[in-house]
Amino acid sequence: MSSESWPPQLKEWVARCLGQMTDANRAEAQAELRESIANAFAEKSLWTTDWAGVQLKCLMPKAPPTINTLKRKMNDAPPMSKKAKKAAAQKHTNANLDFGDQAALSRRAERFQREHEIERQKSMRGQASLQANNQNAHLFNRISRSDSPSLLGTNPDDPDADPNVLDWDKYTIVGTNQELFKDYLRLTSEPKPETIRPYSVLQQTLIELKKRWKEKVSYNWICNQFKSLRQDLTVQRIKNEFTVQVYEIHARMALESSDMVEYNQCQATLKNLYDLGIPGKHEEFTAYRILMLLHGRNKSELNLYVGTLTPRQKKDAAVHHALQVQRAISMGNYHALFEMYWDAPNMGAYIMDYFIDRERIRALMTMTKAYRTLSLPFIQEELGFETVTEAREFLMTHGSAFFTNPNAPDREKTVECKSAAPQLAQIYEEKYRKVGIKGAI
C-alpha cells in the first residue's frame with residue numbers, strides 16, 4: 001500500500017489533514033488517518049471514495065464553551081500547589097519548543113502537495129500521449145485500407161473530422177515503389193515515395209518471403225528483406241494487424257536462426273503494438289518475454305511484468321508454462337525445470353536453450369553437495385540430455401568430468417562429487433554469473 005500508488009484525491013486529503021494537526025491531537029489524528037486509509041484499502045475503495053468529503057473526527061471543530069461554563073470551571077478548579085504550578089510552567093516551555101515541530105510538519109505537508117502536483121502533471125502527459133497513440137493507430141488503419149494518394153487529406157464529409165486537430169494525413173508518406181524485394185538501407189535523409197513500397201505491395205512481399213523461407217533460402221537475405229519491409233511500414237506510419245504479423249514472423253525466424261539481436265528488436269516493438277490494443281499472438285510472445293527475462297536474470301522487471309498479467313493471460317498454456325519455469329528456477333526445482341524444457345510450447349525451447357546450461361551447472365552444484373557419487377545416466381536423465389555421450393561432453397567442456405572409473409563405458413561411468421563440486425562453482429562464477437544480452441528486450 002505504497003503512497004506512490006495512491007489516487008491524487010487521497011494525497012490531497014492526507015496533505016490537508018497533516019496541515020490541520022496540532023501537538024494536542026497529532027497522535028490521535030494520525031491513528032485515525034491510518035485507520036481510514038487501511039479500511040479503504042481493505043474494502044478496495046481507495047479510488048472510489050470521495051476523500052474531499054471525509055473528515056477525521058478528532059479534527060472536526062468543537063463548539064466553544066459558554067461563559068457560564070468557563071466561570072463554573074474556574075470556580076470549581078482547586079488552588080494549584082507549587083509543584084503543579086512548576087509542572088504547568090514546564091509544559092508551557094515544552095509547547096514553545098515544539099512549535100518548531102509544527103513548522104516542520106507544515107513544510108512536510110507542502111512538500112507532499114508539491115510531489116502530488118508533479119505526479120499529477122506526469123499522469124496528464126501520459127494520458128495525452130496515450131490519446132495521441134490511439135488517434136494515430138486509428139489513422140494508420142485508415143491509411144492501410146487504401147494506398148491511393150487521392151484519399152489523403154481532410155475529408156469534409158468525414159463525421160470524425162475535427163478542424164482543431166492537426167491532419168496528419170497530409171504529412172504521411174505513401175510509397176509508389178512496386179518492387180517486391182528491396183535491400184535494407186539505413187535512412188540518412190527524408191524518405192522519398194518512389195523508394196517506399198505501398199501497403200498492397202508490402203502485403204504481397206510478406207507472402208513471397210514466407211514462401212522463400214520454406215524453400216530454405218539464406219537467413220541473412222530473409223533478415224535483410226524483413227528489415228526493409230519493417231522500415232517501409234514505419235516511414236508510412238502503418239500500425240495494424242499486418243504490422244504485428246510482420247514483426248511476429250520475423251521474431252520467430254530470428255529465434256530459429258539464433259539471431260537474438262533482431263529477435264529482441266522485434267519483441268520490443270511488438271510490446272508497443274500490443275499496448276496499442278492491436279490484436280496478434282499476444283500470449284505467445286508474453287511467454288517468450290517471461291523466458292527472456294529469466295535468461296537475463298532481471299528479477300525486478302520480471303516481477304513487475306508478471307504483476308501486470310491478467311487472469312486470462314495466465315491461463316494460456318504458453319504463459320502458464322513460462323510462469324512454471326520461473327517458479328522452478330526460483331525454488332531450485334531442477335527436476336521440474338528440465339521436464340518443462342522438453343515440453344515447452346511454441347518456440348519457448350529456443351529461448352530456454354540460452355539459459356539451460358547455466359541451470360544445469362546450478363543443478364550439478366546442488367547435486368554434488370548432496371551425493372558422494374553420481375552415475376552418468378542419472379545425470380543425463382535429470383538434466384535433460386538426449387544421450388549419455390552428450391552428458392559426458394558437457395561435464396568435460398566444463399572441466400568437471402571427475403570419474404571414478406574413467407575407462408568404463410559411458411553408461412557405467414560415475415562422477416566423484418567431492419572433486420567436481422569446487423570446479424563447478426568456479427565455472428559458474430566465471431561463465432554464468434553475468435549475462436550479456438544484445439538488443440532491447
# chains A, B, ... in the order shown; residues from 1 in each chain; ligands from 1
call {"tool": "residues_around", "arguments": {"residues": "stretch 187-202 of chain A", "least_positions_apart": "4", "cutoff": "7 Å", "atoms": "only C-alpha atoms", "output": "PDB file with all heavy atoms, in the first residue's frame"}}
result
ATOM      1  N   SER A 144      -4.037   2.206 -44.155  1.00  0.00           N
ATOM      2  CA  SER A 144      -3.746   0.865 -44.655  1.00  0.00           C
ATOM      3  C   SER A 144      -4.876   0.313 -45.510  1.00  0.00           C
ATOM      4  O   SER A 144      -4.670  -0.635 -46.256  1.00  0.00           O
ATOM      5  CB  SER A 144      -3.503  -0.077 -43.470  1.00  0.00           C
ATOM      6  OG  SER A 144      -4.683  -0.223 -42.722  1.00  0.00           O
ATOM      7  N   ASP A 147      -4.241   2.712 -50.659  1.00  0.00           N
ATOM      8  CA  ASP A 147      -2.942   3.289 -50.956  1.00  0.00           C
ATOM      9  C   ASP A 147      -3.050   4.428 -51.960  1.00  0.00           C
ATOM     10  O   ASP A 147      -2.055   4.868 -52.514  1.00  0.00           O
ATOM     11  CB  ASP A 147      -2.001   2.207 -51.510  1.00  0.00           C
ATOM     12  CG  ASP A 147      -1.862   1.063 -50.532  1.00  0.00           C
ATOM     13  OD1 ASP A 147      -1.490   1.336 -49.394  1.00  0.00           O
ATOM     14  OD2 ASP A 147      -2.174  -0.065 -50.931  1.00  0.00           O
ATOM     15  N   ILE A 173       3.760   9.737 -45.715  1.00  0.00           N
ATOM     16  CA  ILE A 173       4.315   9.289 -46.991  1.00  0.00           C
ATOM     17  C   ILE A 173       3.587   8.036 -47.435  1.00  0.00           C
ATOM     18  O   ILE A 173       3.409   7.099 -46.652  1.00  0.00           O
ATOM     19  CB  ILE A 173       5.823   9.005 -46.854  1.00  0.00           C
ATOM     20  CG1 ILE A 173       6.576  10.302 -46.564  1.00  0.00           C
ATOM     21  CG2 ILE A 173       6.384   8.343 -48.101  1.00  0.00           C
ATOM     22  CD1 ILE A 173       8.048  10.097 -46.330  1.00  0.00           C
ATOM     23  N   VAL A 174       3.160   8.008 -48.678  1.00  0.00           N
ATOM     24  CA  VAL A 174       2.574   6.817 -49.276  1.00  0.00           C
ATOM     25  C   VAL A 174       3.469   6.408 -50.435  1.00  0.00           C
ATOM     26  O   VAL A 174       3.646   7.159 -51.394  1.00  0.00           O
ATOM     27  CB  VAL A 174       1.134   7.069 -49.766  1.00  0.00           C
ATOM     28  CG1 VAL A 174       0.600   5.814 -50.457  1.00  0.00           C
ATOM     29  CG2 VAL A 174       0.245   7.459 -48.605  1.00  0.00           C
ATOM     30  N   GLY A 175       4.076   5.218 -50.308  1.00  0.00           N
ATOM     31  CA  GLY A 175       5.046   4.778 -51.285  1.00  0.00           C
ATOM     32  C   GLY A 175       4.435   4.490 -52.651  1.00  0.00           C
ATOM     33  O   GLY A 175       3.238   4.210 -52.779  1.00  0.00           O
ATOM     34  N   THR A 176       5.297   4.527 -53.660  1.00  0.00           N
ATOM     35  CA  THR A 176       4.868   4.231 -55.033  1.00  0.00           C
ATOM     36  C   THR A 176       5.725   3.142 -55.668  1.00  0.00           C
ATOM     37  O   THR A 176       5.469   2.736 -56.797  1.00  0.00           O
ATOM     38  CB  THR A 176       4.956   5.497 -55.902  1.00  0.00           C
ATOM     39  OG1 THR A 176       6.298   5.995 -55.891  1.00  0.00           O
ATOM     40  CG2 THR A 176       4.015   6.573 -55.368  1.00  0.00           C
ATOM     41  N   ASN A 177       6.742   2.654 -54.944  1.00  0.00           N
ATOM     42  CA  ASN A 177       7.635   1.630 -55.472  1.00  0.00           C
ATOM     43  C   ASN A 177       6.892   0.294 -55.567  1.00  0.00           C
ATOM     44  O   ASN A 177       6.238  -0.126 -54.617  1.00  0.00           O
ATOM     45  CB  ASN A 177       8.860   1.497 -54.559  1.00  0.00           C
ATOM     46  CG  ASN A 177       9.954   0.648 -55.160  1.00  0.00           C
ATOM     47  OD1 ASN A 177       9.726  -0.479 -55.574  1.00  0.00           O
ATOM     48  ND2 ASN A 177      11.157   1.182 -55.203  1.00  0.00           N
ATOM     49  N   GLN A 178       7.023  -0.392 -56.709  1.00  0.00           N
ATOM     50  CA  GLN A 178       6.278  -1.628 -56.934  1.00  0.00           C
ATOM     51  C   GLN A 178       7.155  -2.878 -56.846  1.00  0.00           C
ATOM     52  O   GLN A 178       6.680  -3.986 -57.111  1.00  0.00           O
ATOM     53  CB  GLN A 178       5.607  -1.585 -58.315  1.00  0.00           C
ATOM     54  CG  GLN A 178       4.594  -0.473 -58.474  1.00  0.00           C
ATOM     55  CD  GLN A 178       3.413  -0.624 -57.521  1.00  0.00           C
ATOM     56  OE1 GLN A 178       2.843  -1.719 -57.409  1.00  0.00           O
ATOM     57  NE2 GLN A 178       3.060   0.455 -56.834  1.00  0.00           N
ATOM     58  N   LEU A 180       8.877  -6.049 -55.287  1.00  0.00           N
ATOM     59  CA  LEU A 180       8.561  -6.915 -54.147  1.00  0.00           C
ATOM     60  C   LEU A 180       9.718  -6.981 -53.165  1.00  0.00           C
ATOM     61  O   LEU A 180       9.515  -6.968 -51.952  1.00  0.00           O
ATOM     62  CB  LEU A 180       8.204  -8.326 -54.638  1.00  0.00           C
ATOM     63  CG  LEU A 180       6.843  -8.500 -55.295  1.00  0.00           C
ATOM     64  CD1 LEU A 180       6.657  -9.950 -55.742  1.00  0.00           C
ATOM     65  CD2 LEU A 180       5.722  -8.105 -54.352  1.00  0.00           C
ATOM     66  N   LEU A 206       5.312  -9.958 -48.097  1.00  0.00           N
ATOM     67  CA  LEU A 206       5.311 -10.886 -46.963  1.00  0.00           C
ATOM     68  C   LEU A 206       4.957 -12.303 -47.425  1.00  0.00           C
ATOM     69  O   LEU A 206       5.572 -13.279 -46.977  1.00  0.00           O
ATOM     70  CB  LEU A 206       4.327 -10.415 -45.898  1.00  0.00           C
ATOM     71  CG  LEU A 206       4.213 -11.319 -44.662  1.00  0.00           C
ATOM     72  CD1 LEU A 206       5.542 -11.421 -43.941  1.00  0.00           C
ATOM     73  CD2 LEU A 206       3.125 -10.819 -43.716  1.00  0.00           C
ATOM     74  N   LEU A 229      11.193  -4.373 -45.111  1.00  0.00           N
ATOM     75  CA  LEU A 229       9.731  -4.372 -45.006  1.00  0.00           C
ATOM     76  C   LEU A 229       9.282  -3.593 -43.779  1.00  0.00           C
ATOM     77  O   LEU A 229       8.351  -2.761 -43.846  1.00  0.00           O
ATOM     78  CB  LEU A 229       9.231  -5.815 -44.950  1.00  0.00           C
ATOM     79  CG  LEU A 229       7.752  -6.070 -44.661  1.00  0.00           C
ATOM     80  CD1 LEU A 229       6.868  -5.340 -45.665  1.00  0.00           C
ATOM     81  CD2 LEU A 229       7.455  -7.563 -44.701  1.00  0.00           C
ATOM     82  N   ASP A 232       9.671   0.193 -44.362  1.00  0.00           N
ATOM     83  CA  ASP A 232       8.612   0.790 -45.195  1.00  0.00           C
ATOM     84  C   ASP A 232       7.319   0.969 -44.407  1.00  0.00           C
ATOM     85  O   ASP A 232       6.574   1.928 -44.625  1.00  0.00           O
ATOM     86  CB  ASP A 232       8.362  -0.080 -46.433  1.00  0.00           C
ATOM     87  CG  ASP A 232       9.486   0.047 -47.459  1.00  0.00           C
ATOM     88  OD1 ASP A 232      10.413   0.849 -47.222  1.00  0.00           O
ATOM     89  OD2 ASP A 232       9.442  -0.661 -48.482  1.00  0.00           O
TER      90      ASP A 232
END
call {"tool": "closest_atom_pairs", "arguments": {"of": "stretch 260-301 of chain A", "to": "stretch 346-370 of chain A", "cutoff": "10 Å", "atoms": "only C-alpha atoms", "output": "tab-separated table"}}
result
residue	atom	partner	partner_atom	distance
A:Met260	CA	A:Ile351	CA	9.2
A:Glu284	CA	A:Asn346	CA	7.5
A:Phe285	CA	A:Gly348	CA	9.4
A:Ala287	CA	A:Gly348	CA	7.6
A:Tyr288	CA	A:Gly348	CA	6.2
A:Arg289	CA	A:Ile351	CA	9.4
A:Ile290	CA	A:Gly348	CA	9.9
A:Leu291	CA	A:Ile351	CA	6.6
A:Met292	CA	A:Ile351	CA	6.6
A:Leu294	CA	A:Phe355	CA	8.1
A:His295	CA	A:Phe355	CA	5.4
A:Gly296	CA	A:Phe355	CA	8.6
A:Arg297	CA	A:Phe355	CA	9.6
call {"tool": "atom_distance", "arguments": {"atom1": "atom CA of A:Ser375", "atom2": "atom CA of A:Ile427"}}
result
20.9 Å
call {"tool": "residues_around", "arguments": {"residues": "stretch 35-37 of chain A", "least_positions_apart": "6", "cutoff": "9 Å", "atoms": "only C-alpha atoms", "output": "PyMOL selection string"}}
result
chain A and resi 10+46+56
call {"tool": "residues_around", "arguments": {"residues": "A:Gln426", "least_positions_apart": "3", "cutoff": "12 Å", "atoms": "only C-alpha atoms", "output": "ChimeraX atom specification"}}
result
/A:361-362,365,398-400,420-423,429-433
call {"tool": "closest_residue", "arguments": {"among": "A:Glu386, A:Asp23, A:Glu283, A:Asp50", "to": "A:His320", "atoms": "only C-alpha atoms"}}
result
A:Glu283
call {"tool": "closest_residue", "arguments": {"among": "A:Val435, A:Val54, A:Ile238, A:Ala42", "to": "A:Gln9", "atoms": "only C-alpha atoms"}}
result
A:Val54
call {"tool": "closest_residue", "arguments": {"among": "A:Pro61, A:Trp47, A:Tyr341, A:Arg34", "to": "A:Ile329", "atoms": "only C-alpha atoms"}}
result
A:Tyr341
call {"tool": "decode", "arguments": {"residues": "stretch 199-214 of chain A", "atoms": "all heavy atoms", "output": "mmCIF file, in the first residue's frame"}}
result
data_model
loop_
_atom_site.group_PDB
_atom_site.id
_atom_site.type_symbol
_atom_site.label_atom_id
_atom_site.label_comp_id
_atom_site.auth_asym_id
_atom_site.auth_seq_id
_atom_site.Cartn_x
_atom_site.Cartn_y
_atom_site.Cartn_z
ATOM 1 N N TYR A 199 1.262 -0.152 -49.212
ATOM 2 C CA TYR A 199 0.739 -1.212 -48.349
ATOM 3 C C TYR A 199 0.405 -2.483 -49.123
ATOM 4 O O TYR A 199 0.735 -3.591 -48.692
ATOM 5 C CB TYR A 199 -0.501 -0.683 -47.622
ATOM 6 C CG TYR A 199 -1.113 -1.642 -46.634
ATOM 7 C CD1 TYR A 199 -0.471 -1.965 -45.457
ATOM 8 C CD2 TYR A 199 -2.368 -2.213 -46.873
ATOM 9 C CE1 TYR A 199 -1.030 -2.832 -44.541
ATOM 10 C CE2 TYR A 199 -2.936 -3.080 -45.971
ATOM 11 C CZ TYR A 199 -2.271 -3.386 -44.799
ATOM 12 O OH TYR A 199 -2.825 -4.252 -43.910
ATOM 13 N N SER A 200 -0.224 -2.354 -50.280
ATOM 14 C CA SER A 200 -0.620 -3.536 -51.055
ATOM 15 C C SER A 200 0.595 -4.330 -51.519
ATOM 16 O O SER A 200 0.580 -5.565 -51.527
ATOM 17 C CB SER A 200 -1.463 -3.113 -52.266
ATOM 18 O OG SER A 200 -0.732 -2.206 -53.080
ATOM 19 N N VAL A 201 1.672 -3.636 -51.893
ATOM 20 C CA VAL A 201 2.898 -4.323 -52.312
ATOM 21 C C VAL A 201 3.552 -5.007 -51.115
ATOM 22 O O VAL A 201 4.067 -6.124 -51.225
ATOM 23 C CB VAL A 201 3.868 -3.330 -52.985
ATOM 24 C CG1 VAL A 201 5.197 -4.012 -53.323
ATOM 25 C CG2 VAL A 201 3.237 -2.744 -54.243
ATOM 26 N N LEU A 202 3.537 -4.356 -49.968
ATOM 27 C CA LEU A 202 4.130 -4.939 -48.760
ATOM 28 C C LEU A 202 3.412 -6.231 -48.363
ATOM 29 O O LEU A 202 4.046 -7.182 -47.885
ATOM 30 C CB LEU A 202 4.083 -3.931 -47.611
ATOM 31 C CG LEU A 202 4.937 -2.669 -47.793
ATOM 32 C CD1 LEU A 202 4.743 -1.731 -46.612
ATOM 33 C CD2 LEU A 202 6.405 -3.023 -47.962
ATOM 34 N N GLN A 203 2.099 -6.264 -48.545
ATOM 35 C CA GLN A 203 1.360 -7.489 -48.251
ATOM 36 C C GLN A 203 1.808 -8.635 -49.149
ATOM 37 O O GLN A 203 1.985 -9.767 -48.688
ATOM 38 C CB GLN A 203 -0.144 -7.236 -48.424
ATOM 39 C CG GLN A 203 -0.749 -6.353 -47.343
ATOM 40 C CD GLN A 203 -2.221 -6.083 -47.583
ATOM 41 O OE1 GLN A 203 -2.605 -5.620 -48.653
ATOM 42 N NE2 GLN A 203 -3.044 -6.385 -46.597
ATOM 43 N N GLN A 204 2.006 -8.349 -50.420
ATOM 44 C CA GLN A 204 2.470 -9.376 -51.349
ATOM 45 C C GLN A 204 3.915 -9.776 -51.033
ATOM 46 O O GLN A 204 4.293 -10.948 -51.168
ATOM 47 C CB GLN A 204 2.362 -8.856 -52.779
ATOM 48 C CG GLN A 204 2.649 -9.902 -53.850
ATOM 49 C CD GLN A 204 1.659 -11.055 -53.821
ATOM 50 O OE1 GLN A 204 0.485 -10.861 -53.508
ATOM 51 N NE2 GLN A 204 2.130 -12.258 -54.133
ATOM 52 N N THR A 205 4.717 -8.805 -50.588
ATOM 53 C CA THR A 205 6.106 -9.096 -50.219
ATOM 54 C C THR A 205 6.165 -10.107 -49.085
ATOM 55 O O THR A 205 6.979 -11.043 -49.106
ATOM 56 C CB THR A 205 6.832 -7.802 -49.809
ATOM 57 O OG1 THR A 205 6.866 -6.908 -50.924
ATOM 58 C CG2 THR A 205 8.243 -8.089 -49.345
ATOM 59 N N LEU A 206 5.312 -9.958 -48.097
ATOM 60 C CA LEU A 206 5.311 -10.886 -46.963
ATOM 61 C C LEU A 206 4.957 -12.303 -47.425
ATOM 62 O O LEU A 206 5.572 -13.279 -46.977
ATOM 63 C CB LEU A 206 4.327 -10.415 -45.898
ATOM 64 C CG LEU A 206 4.213 -11.319 -44.662
ATOM 65 C CD1 LEU A 206 5.542 -11.421 -43.941
ATOM 66 C CD2 LEU A 206 3.125 -10.819 -43.716
ATOM 67 N N ILE A 207 3.993 -12.406 -48.305
ATOM 68 C CA ILE A 207 3.608 -13.734 -48.816
ATOM 69 C C ILE A 207 4.799 -14.398 -49.508
ATOM 70 O O ILE A 207 5.088 -15.583 -49.286
ATOM 71 C CB ILE A 207 2.421 -13.598 -49.788
ATOM 72 C CG1 ILE A 207 1.173 -13.101 -49.038
ATOM 73 C CG2 ILE A 207 2.138 -14.924 -50.482
ATOM 74 C CD1 ILE A 207 -0.012 -12.798 -49.942
ATOM 75 N N GLU A 208 5.522 -13.633 -50.334
ATOM 76 C CA GLU A 208 6.665 -14.186 -51.050
ATOM 77 C C GLU A 208 7.809 -14.543 -50.109
ATOM 78 O O GLU A 208 8.501 -15.550 -50.299
ATOM 79 C CB GLU A 208 7.143 -13.190 -52.110
ATOM 80 C CG GLU A 208 6.155 -12.968 -53.247
ATOM 81 C CD GLU A 208 5.866 -14.258 -54.004
ATOM 82 O OE1 GLU A 208 6.807 -15.062 -54.207
ATOM 83 O OE2 GLU A 208 4.696 -14.477 -54.378
ATOM 84 N N LEU A 209 8.016 -13.740 -49.069
ATOM 85 C CA LEU A 209 9.090 -14.029 -48.121
ATOM 86 C C LEU A 209 8.814 -15.313 -47.344
ATOM 87 O O LEU A 209 9.734 -16.092 -47.063
ATOM 88 C CB LEU A 209 9.269 -12.848 -47.155
ATOM 89 C CG LEU A 209 9.910 -11.588 -47.731
ATOM 90 C CD1 LEU A 209 9.964 -10.484 -46.684
ATOM 91 C CD2 LEU A 209 11.310 -11.887 -48.252
ATOM 92 N N LYS A 210 7.560 -15.549 -47.007
ATOM 93 C CA LYS A 210 7.220 -16.804 -46.316
ATOM 94 C C LYS A 210 7.470 -18.006 -47.222
ATOM 95 O O LYS A 210 7.936 -19.057 -46.760
ATOM 96 C CB LYS A 210 5.760 -16.765 -45.844
ATOM 97 C CG LYS A 210 5.529 -15.793 -44.691
ATOM 98 C CD LYS A 210 4.174 -15.980 -44.037
ATOM 99 C CE LYS A 210 3.059 -15.535 -44.944
ATOM 100 N NZ LYS A 210 1.735 -15.614 -44.258
ATOM 101 N N LYS A 211 7.178 -17.854 -48.510
ATOM 102 C CA LYS A 211 7.456 -18.943 -49.452
ATOM 103 C C LYS A 211 8.951 -19.210 -49.539
ATOM 104 O O LYS A 211 9.394 -20.364 -49.527
ATOM 105 C CB LYS A 211 6.903 -18.585 -50.837
ATOM 106 C CG LYS A 211 5.385 -18.577 -50.945
ATOM 107 C CD LYS A 211 4.948 -18.214 -52.359
ATOM 108 C CE LYS A 211 3.431 -18.187 -52.487
ATOM 109 N NZ LYS A 211 3.010 -17.793 -53.862
ATOM 110 N N ARG A 212 9.748 -18.137 -49.629
ATOM 111 C CA ARG A 212 11.193 -18.296 -49.735
ATOM 112 C C ARG A 212 11.768 -18.958 -48.480
ATOM 113 O O ARG A 212 12.717 -19.736 -48.557
ATOM 114 C CB ARG A 212 11.850 -16.928 -49.953
ATOM 115 C CG ARG A 212 11.431 -16.227 -51.239
ATOM 116 C CD ARG A 212 11.905 -16.950 -52.484
ATOM 117 N NE ARG A 212 11.485 -16.293 -53.701
ATOM 118 C CZ ARG A 212 12.212 -15.379 -54.341
ATOM 119 N NH1 ARG A 212 13.394 -15.019 -53.873
ATOM 120 N NH2 ARG A 212 11.760 -14.834 -55.469
ATOM 121 N N TRP A 213 11.203 -18.624 -47.315
ATOM 122 C CA TRP A 213 11.699 -19.219 -46.065
ATOM 123 C C TRP A 213 11.453 -20.732 -46.058
ATOM 124 O O TRP A 213 12.296 -21.506 -45.585
ATOM 125 C CB TRP A 213 11.025 -18.559 -44.868
ATOM 126 C CG TRP A 213 11.482 -19.089 -43.532
ATOM 127 C CD1 TRP A 213 10.759 -19.817 -42.650
ATOM 128 C CD2 TRP A 213 12.767 -18.908 -42.935
ATOM 129 N NE1 TRP A 213 11.489 -20.120 -41.542
ATOM 130 C CE2 TRP A 213 12.739 -19.567 -41.692
ATOM 131 C CE3 TRP A 213 13.938 -18.268 -43.329
ATOM 132 C CZ2 TRP A 213 13.834 -19.601 -40.827
ATOM 133 C CZ3 TRP A 213 15.033 -18.288 -42.482
ATOM 134 C CH2 TRP A 213 14.974 -18.950 -41.248
ATOM 135 N N LYS A 214 10.309 -21.154 -46.570
ATOM 136 C CA LYS A 214 10.023 -22.584 -46.651
ATOM 137 C C LYS A 214 10.951 -23.285 -47.640
ATOM 138 O O LYS A 214 11.197 -24.488 -47.529
ATOM 139 C CB LYS A 214 8.567 -22.803 -47.062
ATOM 140 C CG LYS A 214 7.557 -22.381 -46.008
ATOM 141 C CD LYS A 214 6.137 -22.618 -46.479
ATOM 142 C CE LYS A 214 5.122 -22.185 -45.423
ATOM 143 N NZ LYS A 214 3.717 -22.392 -45.879
#
